[in-house]
Each structure stands twice: as structure tokens, then as C-alpha cells.
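Student: Take a look at this one; I'll ask things after.
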Amino acid sequence: MSDKIRELVTRWQKAVERRQNWEPHWQECYNYAFPQRENVSTQQYYDNYGGKQNLHLFDGTAPDAVDQLASSLLSELTPPWAKWFGLRAGPELSAQERNQVAPILEKSTDVLLQNFEHSNFAVEIHQCYLDLVTAGTACLMFEEAPIGESTAFRFYAVPLREIALEESADGRLDTTFRCSQISIEGIRHRFPNAEIPDNYYNRARDDNSYKMELIEAVLPRSGKYGALGYEYTAFVFDAGEGAENAFVLKDGVFDTSPFINFRWLKAPGEVYGRSPVMKALPDIKTANKVVELILKNASISVTGIWQADDDGILNPANIKLVPGAIIPKAVGSKGLTPLEAPGKFDISQLVLEDLRNRINHALLADSLAQISTPNMTATEVLERASQMARILGASFGRLQSELLTPLLKRAFYILRRRGDIMNFDLDGKVVDLQYKSPLALVQARKDVSTVTEWVSLVASLGGDALSVVNAREAALWLGNTLNVPANLMQEINLPLAPTEEATEEDVIKQA
């Protein structure tokens, strides 16, 4: 085993050790809020593969709230079959240059969106949102699909049990170690050019269920002038064969990391994130216990506990107060008699209702619930959107930085390298990302409402006052703010048009 692989193995093992304190906490959150997810411990996962996970769960408030919050994130951040992002001209371009470049960027945006729609992105990102809401940390693997498929993207929601993360000095969660089980067929599929030693082939031939541990390490590279991409190394080793027999499947350098790690929120000094389920976990466990006791009490009320005469001596150690139990008593005695309270006051429903309200509030189920009021006015819709933006504002800022921006940049670089879109830099100066999800457009709607209200007030003052309004610039501003397609806005006085002499790429270069 080379020094590089030995160093990666040691670093991965230390990262796994630092993660072990989180595993019991994650498992408890999954048990009570998302029991369908597998165990976060690799050994427990394979020991109980396919087994029932919710035998101890009696109250479904938390799982339902987790599903609602994950669905809300999907519809508010990355809605399927909707244009939730775009490319726009950067601040260094003049107004006329921005107008000229806009149709070209619109075409590139459509290509990006088409690849997302034809991939499994919506399915896998929803699974990541469920992990994010439950455990506070999620990982999305973004691979390039082979040439010839209907899309260039392929996604996979990586379970927490497979990853060990490190945070860089600038606070980015960009160092990833993934440990997964892989078979010989899996190696041939993912790494077709890899050379596999004969001893692994022989063992796989003797045992069809034989799998090896695949370690994928992604580490950021930096130099004097900033980031230099990400170094990727995939290698296999088997404890039975000895760590010295580890062999490399693939190594190289990526412009962007294939693992996108993101968190709900984090405490200073911690690597992994914390979730709303963690905040509501005491109420979730209490509500689950209250429902369990209510069901036991209901079972006793239905089946009853009976007494029967017994000539022997009563032994309290043998008495079990379970539904349908028969308790022996001495002939002619009253047997075991409870102490009657002067009044009966059952507060279980009151306690349970209060607990469920707190759980729904902590998981935002009450704030993000489906609208039940029909025929809402435009003002009511805007106020509801503003309320949602206030609730998800802090989390949306982190998700934009850790999820959306790395996701779109990697998608852009993959398509640019394949030649599917034009060759220009996504540097934020000439070309920049634009988020068009419903949550990102809340502030834009406020700005539009302010401008339209001003125009209405100016118009009420008469024609002289209305002359101060630049109608053309106002119309262009409204179109850009509301993300109207560029081909619907008429352009005039453009410096350069795409012709045979001046192509679209020339327009970008001129800008």
C-alpha cells in the first residue's frame, strides 16, 4: 500500500471516530421521526437489512411533519418541472451588453434545466431533504452520466452511515470520505478501466455475495492563487486480505466536488449540522410515550382485568396488570383493591394536544401547511410568502451556499466540458447564477409591489407627474425582476447581433 493510500486510510479512520458521537443521536432521530430510513451504523444496517423499523413508534406526528417539511423544501427551493434557476449577465456588463447576452444565457439555462428534468434529481434530492430535516446533514452525490444517455447528470442520496466529513478552514464542508460496499460487478460498472488483482477475483468466484469496502476520498486542493479543484481517489481494501493489499481504482482531479454536503444549521466548532427534529426530540419522545400509555389504558378498558377465587396465598410478585389478566384472590376476600380518588380528571388528551402542537411548530408544519382558505387575494398570497421567507430565511441562506451554488456550478462545468453549452466562465462578474425558486422570488415580489404602487400613485397625480416615469426602463426592470424570458422583451440599439460574422460566442467575448 502506497504512502498516499496509507495516509488516506488513517485520515478516514480518524474522521469516522469523530463521527461516532453523532451516530446514537442520528439513530434516535431516525427512530422517532423517519423510521423508514436505514440504520446509521453500517453493522446494524446489514444485521437488520429489510427488517421492520417502526415497531416502537406509536405517534405519527413527527414522521408526518418531517415529510411535510421535506416536501415544502422541494417545492420552495428546487421545484420539479419548474425553472428554479437561471444564468444572468454580471454587474460588469453595461445595460446594452446585458440585453444582448440575455438570450444566449437563456438558451444555456434551458439546456441545464432539461438535463435536470431528465435525470433522477427530483427523487434523490427529496431523499436528501428528508435526511436534512431529520439528522441536520445530507450528502448528494453528483456524477456525470455516460455519453449517449438522455441526460448528462446522475444523482445518488448518500446515507449518513457511508460518509465521514471534515470542515475546511474557511468553513466549507468540502472534504468527504465515503465508505460503501461494492462487488466485482459494481467495480466493472463504475470503474470499467480499473485493474482488479487476481486474489479478489478468485474470492468473488468462490463466494457470490462477496463485497469489498470502497473508499472514495475527495479533498480540496489549494495553491497560492486560490482553489485548484478537488483531488479524487477511489481505492478498495479488504480486512480479510489485509490493508497492504489495497488497490486504487481511480484517481484524478475534479473542477468541482462530486459530493455536495449541506446542513440545516450548525453550532460553532461542529462539523455536522443540527436538525429541527433534534430540537423537538424531547417532545416527540414524550408524545410517543403518552400515546403508548393511552393505548395500553384503552386495551385494559376493552378487555378488562379479572379476579378469581384462589385457596392459596396471594403473591404480588406474580401479578401482572396486563389486558385480559386473571388475578387470583382468597375466597371471600376483596382481593387487590385500588384506592379510589374522589374525582377523575384525565389530562392525557390535553398533554398530547400540547405536545403535538409544539412538534408541528418546531418542524414548521403549522407554518408551511397547505392553504385551506379558498380564493385568497394577492395581498394574502404575498403575506404568506413573506412569512415563509422569514421562517426559512436563515436555513435558505445556508442551503443556497452549501447546496444550490455547488450543485449548479458542477452542472454548468459538466455541460461546458461536454460542449453542450457555450464556453464561458461562471465567475459572477460577466455571468452569474440567478435563483428563481418560489422562496427566492419573495423579495422580488415585494420590490415589484413597491414599484407598481409608486407608478399608480404617480399616475393619480396627472400627466405631468407621470412624465417622470421611464416606461421603457420600468418595463425592462419588471421583466428582469419577474424572470420574464429574454425573447419576450424587445431589444433596441444593440451594439452587436449574432450573425455569420458575429456568433453567440463572439457576443460573450465582446462583453
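Residue numbers start at 1 in each chain; chains themselves are named A, B, ... in the order of the C-alpha cells; ligands are numbered from 1 in the order shown.
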What's the 7 Å shell around region 61-65 of chain A, counting only C-alpha atoms, without same-chain residues fewer than 4 positions away, as a ChimeraX atom specification?
Tutor: /A:33-34,69,284,356,359-360,363,365
Student: Just C-alpha atoms for this one: save the residues we selected as a JSON list (two decimals), in the first residue's frame.
Tutor:
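Written output follows (part_29.json):
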[["chain", "number", "residue", "atom", "x", "y", "z"],
["A", 33, "ALA", "CA", -39.14, 10.87, 13.09],
["A", 34, "PHE", "CA", -38.15, 8.90, 9.99],
["A", 69, "LEU", "CA", -41.20, 19.94, 5.70],
["A", 284, "ILE", "CA", -41.52, 13.70, 20.15],
["A", 356, "ARG", "CA", -48.31, 17.72, 19.04],
["A", 359, "ILE", "CA", -43.83, 19.29, 17.44],
["A", 360, "ASN", "CA", -45.64, 20.78, 14.44],
["A", 363, "LEU", "CA", -40.92, 21.21, 12.35],
["A", 365, "ALA", "CA", -45.74, 22.01, 9.85]]
Student: Could you pull out the residues in region 31-196 of chain A that DSSP calls strand (DSSP E or B) from the backbone, as a short mmCIF file (atom, residue, chain, number, x, y, z; two decimals) with N, CA and C atoms, in the first residue's frame?
Tutor:
data_model
loop_
_atom_site.label_atom_id
_atom_site.label_comp_id
_atom_site.auth_asym_id
_atom_site.auth_seq_id
_atom_site.Cartn_x
_atom_site.Cartn_y
_atom_site.Cartn_z
N PHE A 85 -33.83 28.16 -11.43
CA PHE A 85 -32.52 28.83 -11.51
C PHE A 85 -32.37 29.42 -12.89
N GLY A 86 -31.36 30.22 -13.07
CA GLY A 86 -31.08 30.82 -14.37
C GLY A 86 -29.68 31.38 -14.40
N LEU A 87 -29.25 31.76 -15.59
CA LEU A 87 -27.98 32.44 -15.80
C LEU A 87 -28.27 33.87 -16.24
N ARG A 88 -27.59 34.82 -15.64
CA ARG A 88 -27.81 36.21 -15.96
C ARG A 88 -26.49 36.93 -16.15
N ALA A 89 -26.56 38.04 -16.85
CA ALA A 89 -25.36 38.84 -17.08
C ALA A 89 -24.88 39.46 -15.76
N THR A 137 -27.85 16.92 8.47
CA THR A 137 -26.77 16.84 7.48
C THR A 137 -27.21 15.89 6.37
N ALA A 138 -26.89 16.25 5.14
CA ALA A 138 -27.23 15.40 4.00
C ALA A 138 -26.10 15.47 2.98
N CYS A 139 -26.02 14.44 2.15
CA CYS A 139 -24.97 14.35 1.13
C CYS A 139 -25.60 13.89 -0.18
N LEU A 140 -25.37 14.64 -1.24
CA LEU A 140 -25.85 14.32 -2.58
C LEU A 140 -24.65 14.06 -3.48
N MET A 141 -24.60 12.87 -4.05
CA MET A 141 -23.53 12.53 -4.97
C MET A 141 -23.96 12.89 -6.39
N PHE A 142 -23.14 13.69 -7.08
CA PHE A 142 -23.45 14.22 -8.40
C PHE A 142 -22.41 13.69 -9.38
N GLU A 143 -22.80 12.69 -10.16
CA GLU A 143 -21.90 12.08 -11.14
C GLU A 143 -22.31 12.45 -12.55
N GLU A 144 -21.38 12.30 -13.46
CA GLU A 144 -21.66 12.53 -14.87
C GLU A 144 -22.10 11.22 -15.52
N PHE A 153 -26.51 14.02 -16.24
CA PHE A 153 -26.42 14.03 -14.78
C PHE A 153 -26.93 12.72 -14.21
N ARG A 154 -26.33 12.33 -13.10
CA ARG A 154 -26.79 11.17 -12.34
C ARG A 154 -26.55 11.47 -10.86
N PHE A 155 -27.58 11.23 -10.05
CA PHE A 155 -27.53 11.62 -8.64
C PHE A 155 -27.77 10.41 -7.75
N TYR A 156 -27.27 10.54 -6.52
CA TYR A 156 -27.48 9.49 -5.52
C TYR A 156 -27.44 10.13 -4.14
N ALA A 157 -28.50 9.90 -3.34
CA ALA A 157 -28.55 10.41 -1.98
C ALA A 157 -27.74 9.47 -1.09
N VAL A 158 -26.59 9.92 -0.64
CA VAL A 158 -25.67 9.08 0.13
C VAL A 158 -26.16 8.99 1.57
N ILE A 163 -20.70 8.17 5.04
CA ILE A 163 -19.84 9.34 4.86
C ILE A 163 -19.20 9.76 6.18
N ALA A 164 -18.02 10.32 6.06
CA ALA A 164 -17.32 10.97 7.16
C ALA A 164 -16.76 12.28 6.60
N LEU A 165 -17.09 13.38 7.25
CA LEU A 165 -16.82 14.71 6.69
C LEU A 165 -15.80 15.46 7.52
N GLU A 166 -15.14 16.39 6.85
CA GLU A 166 -14.24 17.34 7.50
C GLU A 166 -14.54 18.73 6.99
N THR A 175 -14.51 18.36 2.40
CA THR A 175 -13.67 17.16 2.48
C THR A 175 -14.57 15.98 2.82
N THR A 176 -14.62 15.01 1.92
CA THR A 176 -15.58 13.91 2.04
C THR A 176 -14.87 12.57 1.92
N PHE A 177 -15.21 11.67 2.86
CA PHE A 177 -14.80 10.28 2.77
C PHE A 177 -16.08 9.44 2.73
N ARG A 178 -16.18 8.58 1.74
CA ARG A 178 -17.33 7.69 1.63
C ARG A 178 -16.87 6.24 1.63
N CYS A 179 -17.44 5.45 2.52
CA CYS A 179 -17.12 4.03 2.60
C CYS A 179 -18.38 3.25 2.29
N SER A 180 -18.36 2.46 1.24
CA SER A 180 -19.52 1.68 0.82
C SER A 180 -19.08 0.28 0.43
N GLN A 181 -20.05 -0.62 0.35
CA GLN A 181 -19.78 -2.00 -0.07
C GLN A 181 -19.95 -2.10 -1.58
N ILE A 182 -19.03 -2.79 -2.23
CA ILE A 182 -19.09 -2.92 -3.68
C ILE A 182 -18.65 -4.32 -4.08
#
Student: My list of candidates is A:Pro35, A:Asn483, A:Leu214, A:Gln349. Which is closest to Val248 (chain A) when distances are computed with only C-alpha atoms?
Tutor: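 Checking each of A:Pro35, A:Asn483, A:Leu214, A:Gln349 against Val248 (chain A), counting only C-alpha atoms, the winner is A:Leu214.
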Student: Suppose you want the space between CA of Gln387 (chain A) and CA of Leu408 (chain A); what is it in Å?
Tutor: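 One can read the CA of Gln387 (chain A) to CA of Leu408 (chain A) distance as 26.9 Å.
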Student: Select, from A:Pro282, A:Leu249, A:Leu392, A:Lys296, the residue with the minimum atom-to-atom distance to Arg358 (chain A), counting only C-alpha atoms.
Tutor: A:Pro282
Student: Considering only C-alpha atoms, can you say which of A:Ser401, A:Gln127, A:Ser168, A:Asn115 comes closest to Ala152 (chain A)?
Tutor: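 When distances to Ala152 (chain A) are compared using only C-alpha atoms, the smallest one comes from A:Asn115.
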Student: What's the separation between CA of Asn288 (chain A) and CA of Phe58 (chain A), in Å to one decimal place?
Tutor: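 Answer for the CA of Asn288 (chain A) to CA of Phe58 (chain A) separation: 5.5 Å.
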Student: Can you list, as JSON, numbers by chain, every residue of region 54-224 of chain A that DSSP puts in helix (DSSP H, G or I)?
Tutor: {"A": [61, 62, 63, 64, 65, 66, 67, 68, 69, 70, 71, 72, 73, 74, 75, 76, 77, 95, 96, 97, 98, 99, 100, 101, 102, 103, 104, 105, 106, 107, 108, 109, 110, 111, 112, 113, 114, 115, 116, 117, 118, 121, 122, 123, 124, 125, 126, 127, 128, 129, 130, 131, 132, 133, 134, 135, 160, 161, 162, 184, 185, 186, 187, 188, 189, 190, 198, 199, 200, 201, 202, 203, 204, 205, 206]}
Student: Taking 5 positions as the minimum chain separation for residues in the same chain, which residues sit within 9 Å of Val253 (chain A) when counting only C-alpha atoms? Answer as a list in words.
Tutor: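 Returned residues: Arg221, Leu228, Gly229, Tyr230, Glu231, Tyr232 and Thr233 of chain A.
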